[in-house]
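Single-structure report; data block below.
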Amino acid sequence: MSPGSRNAPLTISFARHEKIKKWIIPDERSAGFVALGIAQETGTPVVLCCTSGTALLNYGPAIAEAYYREIPLIVLSADRPPNLIDQRDGQTIRQFEALKNHVKQSVQLPLVNSTQDATLYNQGLIKMLTECGNLPTGPVHINIPFEEPFYPNNTEKLAYQNVEMEESESAKSERLEIDELSKYTKVLILIGQQPADPELNQKLEKLSENVPVLRFPLNNLTAGIELADLFIHQQENLKPELLITCGLSVLSKKVKLFLRAHKPKKHIHFDPAGVHVDTFQSNPSIIKFPLNDFLQEWSAANADVSFRNDWFSLEKKANSALADFIGQSDFCESQAAKKIINSIPKDSNLHLSNSMPVRYADMFGVKPTIQCFSNRGTSGIDGCTSTAFGTSLVSSKLNTLITGDLAFLYDRNAFFNNYKVPNLRVIVLNNQGGGIFRLIDGPSKLPELEEYFETRHNKTAEYICAENGLEYIKADDLNSLEGNLSTLYQPSPTPKILEVFTDPETNQRVYKELKTYINERIKN
């Protein structure tokens with residue numbers, strides 16, 4: 001909930017309901033991502049409640065992220081009565097369907113003046129709450145106009161009504177002719193972003209002995225081929241005949257480009273919601289039941305183990321080259337990122353901001369006992385800290401966020417609330433700007449690089465920590481980084497922030513040398 005006057009009836013109703021857990025987050029943009037973080041951890045819908053006007057629009061980035069990540073959020077926005085819209089009344093905009101491009105459905109509830117109105121009101125609510133839980137799950141928007149008075153007097157009591165809800169739609173069963181797949185011997189299993197799934201992990205661990213299963217931090221698998229982004233180029237021998245996929249987006253651009261250029265003969269994608277996407281431009285068959293169900297019956301008995309070994313051999317080369325190079329390199333962001341990722345305590349949560357942190361995790365790999373999260377639905381830097389903060393509010397685990405300086409500064413209001421989450425650690429990679437623009441060919445060669453793309457600055461996280469009562473630690477070389485990483489994970493009553501300073505020019509040079517070195521080792 002974010003404070004306001006027009007949403008006072010909603011605020012008071014929630015505040016006085018003893019069975020509802022509440023959090024008050026003043027900044028609506030941060031609140032949207034905090035709700036996202038809570039929902040991704042609990043797997044249950046989270047309600048957002050705001051006042052009228054532009055407050056609603058500030059939910060936009062988080063709602064778009066939730067839409068593409070299929071995370072259930074319920075937006076309750078208080079509004080002016082319809083007759084005041086576009087009449088130059090204060091704090092009034094066109095709120096109905098303001099989020100329509102990134103919610104499953106929008107509804108405007110009626111002004112409640114009678115029992116009949118209340119019935120329509122409840123029907124609208126039930127419809128939207130049911131839709132939020134139907135597959136594919138995702139955000140819905142309920143716009144609620146209110147007339148004054150907003151506040152109850154001292155003699156009024158609130159009455160809560162139990163309303164029966166329908167069951168959410170279940171996935172429809174579908175038949176897949178498994179025998180037809182036996183003719184494909186070169187099989188690749190690729191899982192997109194998903195939460196940890198112990199049952200699926202168990203099945204894929206066994207399969208990975210015979211079939212290449214690609215393991216990335218964001219698919220939260222515990223076994224499989226890692227580091228594909230480092231070695232997959234134009235190797236014709238890695239082309240699959242059968243591609244089996246499930247999950248959401250895949251981070252690696254190289255993997256996507258490879259599969260688009262080397263299309264499989266058959267691609268089957270498992271999605272109980274039946275959402276049709278064609279990421280690899282291979283015209284997939286969409287199967288509306290879980291991959292788990294398929295793996296109960298499919299054994300990959302005809303799989304060509306040498307195909308899996310080709311993948312494994314290249315991974316081994318890439319891993320060896322990576323270790324050799326990083327051990328000899330100058331102190332830079334790549335070296336620091338590998339050291340940081342290796343230090344993450346087991347059985348904890350790792351949150352990765354967009355831009356370079358999520359790519360470093362993809363490059364270096366993450367321990368199999370760590371669950372990884374990232375806002376890859378829309379891949380924006382806005383809200384990375386607030387999302388990690390939200391997860392920390394409801395998680396019993398230690399939560400570590402690795403983020404860049406711009407993403408951290410952009411979301412500084414993640415700490416603008418009264419909640420101290422002692423299980424949150426934040427590591428800020430400060431290269432004084434948008435360092436990723438030095439690492440991609442286009443902007444890195446332009447005279448406008450520093451001013452228009454990197455946005456060079458001299459800001460640090462120290463003053464944000466001071467104003468919010470957070471413990472601040474910094475490192476600017478390998479020795480101070482190694483020493484402070486152990487300090488970072490010691491118990492604390494508040495979040496701790498470790499800021500790691502690196503030189504952007506050195507980062508650029510070493511990163512390009514690293515890519516060249518690995519490519520040469522892969523060829524030999």
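Quick note on naming: the chains in the structure tokens go A, B, ... in the order shown, residues restart at 1 in each chain, and ligands are numbered from 1 in order of appearance.
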message: Applying 6 Å and only C-alpha atoms, which residues near region 47-52 of chain A remain after dropping the ones on its own chain fewer than 3 positions away? List them as a ChimeraX atom specification.
response: /A:1-2,4,6-7,73-79
Output the selection as a tab-separated table (two decimals), in the first residue's frame - N, CA and C atoms for each residue.
chain	number	residue	atom	x	y	z
A	1	MET	N	0.85	-1.19	0.00
A	1	MET	CA	0.00	0.00	0.00
A	1	MET	C	0.88	1.24	0.00
A	2	SER	N	0.47	2.22	-0.83
A	2	SER	CA	1.12	3.53	-0.81
A	2	SER	C	0.10	4.56	-0.32
A	4	GLY	N	-2.35	7.66	0.50
A	4	GLY	CA	-3.09	8.63	-0.29
A	4	GLY	C	-4.43	8.87	0.36
A	6	ARG	N	-7.55	9.44	-1.65
A	6	ARG	CA	-8.64	8.82	-2.41
A	6	ARG	C	-8.72	7.32	-2.14
A	7	ASN	N	-7.61	6.69	-1.84
A	7	ASN	CA	-7.63	5.25	-1.55
A	7	ASN	C	-7.80	4.95	-0.06
A	73	LEU	N	-0.14	-10.28	-9.92
A	73	LEU	CA	-0.30	-9.07	-9.12
A	73	LEU	C	-1.70	-8.52	-9.35
A	74	ILE	N	-2.30	-7.95	-8.31
A	74	ILE	CA	-3.64	-7.38	-8.38
A	74	ILE	C	-3.54	-5.90	-8.05
A	75	VAL	N	-3.75	-5.05	-9.04
A	75	VAL	CA	-3.65	-3.60	-8.85
A	75	VAL	C	-5.02	-3.05	-8.50
A	76	LEU	N	-5.12	-2.43	-7.33
A	76	LEU	CA	-6.33	-1.71	-6.92
A	76	LEU	C	-6.02	-0.22	-6.93
A	77	SER	N	-6.56	0.50	-7.89
A	77	SER	CA	-6.31	1.94	-7.95
A	77	SER	C	-7.58	2.70	-7.61
A	78	ALA	N	-7.50	3.60	-6.65
A	78	ALA	CA	-8.63	4.47	-6.33
A	78	ALA	C	-8.72	5.57	-7.38
A	79	ASP	N	-9.95	5.98	-7.69
A	79	ASP	CA	-10.15	6.95	-8.76
A	79	ASP	C	-11.21	7.98	-8.37
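The neighbours of region 345-355 of chain A here are the residues that come within 8 Å of it, using only C-alpha atoms and leaving out any residue fewer than 5 positions away in the same chain; they are Ala361, Lys367, Thr369, Ile370, Gln371, Cys372, Phe373, Ser374, Asn375, Arg376, Ser379, Gly380, Ile381, Cys384, Thr385, Ala388, Lys397, Leu398, Asn399, Thr400, Leu401, Ile402, Thr403, Gly404, Ala407 and Ile436 of chain A.
Excluding region 516-521 of chain A itself and any same-chain residue fewer than 5 positions from it, the protein and nucleic acid residues within 8 Å of it, counting only C-alpha atoms, are Leu230, Phe231, Lys317, Ala318, Ala321, Leu322 and Phe325 of chain A.
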Those same residues - N, CA and C atoms - I'd like them written as a PDB file, in the first residue's frame.
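Once written, part29.pdb looks like this:
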ATOM      1  N   LEU A 230      29.831 -18.962 -23.737  1.00  0.00           N
ATOM      2  CA  LEU A 230      31.252 -18.749 -24.008  1.00  0.00           C
ATOM      3  C   LEU A 230      31.765 -19.562 -25.185  1.00  0.00           C
ATOM      4  N   PHE A 231      31.118 -20.682 -25.502  1.00  0.00           N
ATOM      5  CA  PHE A 231      31.701 -21.550 -26.533  1.00  0.00           C
ATOM      6  C   PHE A 231      30.809 -21.782 -27.749  1.00  0.00           C
ATOM      7  N   LYS A 317      36.624 -27.065 -22.095  1.00  0.00           N
ATOM      8  CA  LYS A 317      37.640 -26.152 -22.615  1.00  0.00           C
ATOM      9  C   LYS A 317      37.389 -24.716 -22.154  1.00  0.00           C
ATOM     10  N   ALA A 318      36.136 -24.301 -22.249  1.00  0.00           N
ATOM     11  CA  ALA A 318      35.787 -22.940 -21.861  1.00  0.00           C
ATOM     12  C   ALA A 318      36.049 -22.700 -20.385  1.00  0.00           C
ATOM     13  N   ALA A 321      39.828 -22.415 -19.788  1.00  0.00           N
ATOM     14  CA  ALA A 321      40.351 -21.147 -20.291  1.00  0.00           C
ATOM     15  C   ALA A 321      39.940 -19.991 -19.386  1.00  0.00           C
ATOM     16  N   LEU A 322      38.710 -20.021 -18.920  1.00  0.00           N
ATOM     17  CA  LEU A 322      38.199 -18.970 -18.042  1.00  0.00           C
ATOM     18  C   LEU A 322      39.001 -18.894 -16.753  1.00  0.00           C
ATOM     19  N   PHE A 325      42.595 -17.516 -17.386  1.00  0.00           N
ATOM     20  CA  PHE A 325      42.674 -16.091 -17.698  1.00  0.00           C
ATOM     21  C   PHE A 325      42.371 -15.227 -16.475  1.00  0.00           C
TER      22      PHE A 325
END
- request: Apply DSSP to the structure's backbone, then extract all residues of region 50-253 of chain A labelled strand (DSSP E or B) and return them as a count of residues only.
  value: 30
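Here CA of Arg260 (chain A) and CA of Ile191 (chain A) stand 16.1 Å from one another.
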message: Need the shell around Arg412 (chain A): protein/DNA/RNA residues with any atom at most 9 Å away, counting only C-alpha atoms. Skip same-chain ones fewer than 2 positions apart. Format as JSON, numbers by chain?
response: {"A": [30, 385, 386, 407, 408, 409, 410, 414, 415, 416, 464]}
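Separating CA of Arg438 (chain A) from CA of Ile341 (chain A) is a distance of 22.1 Å.
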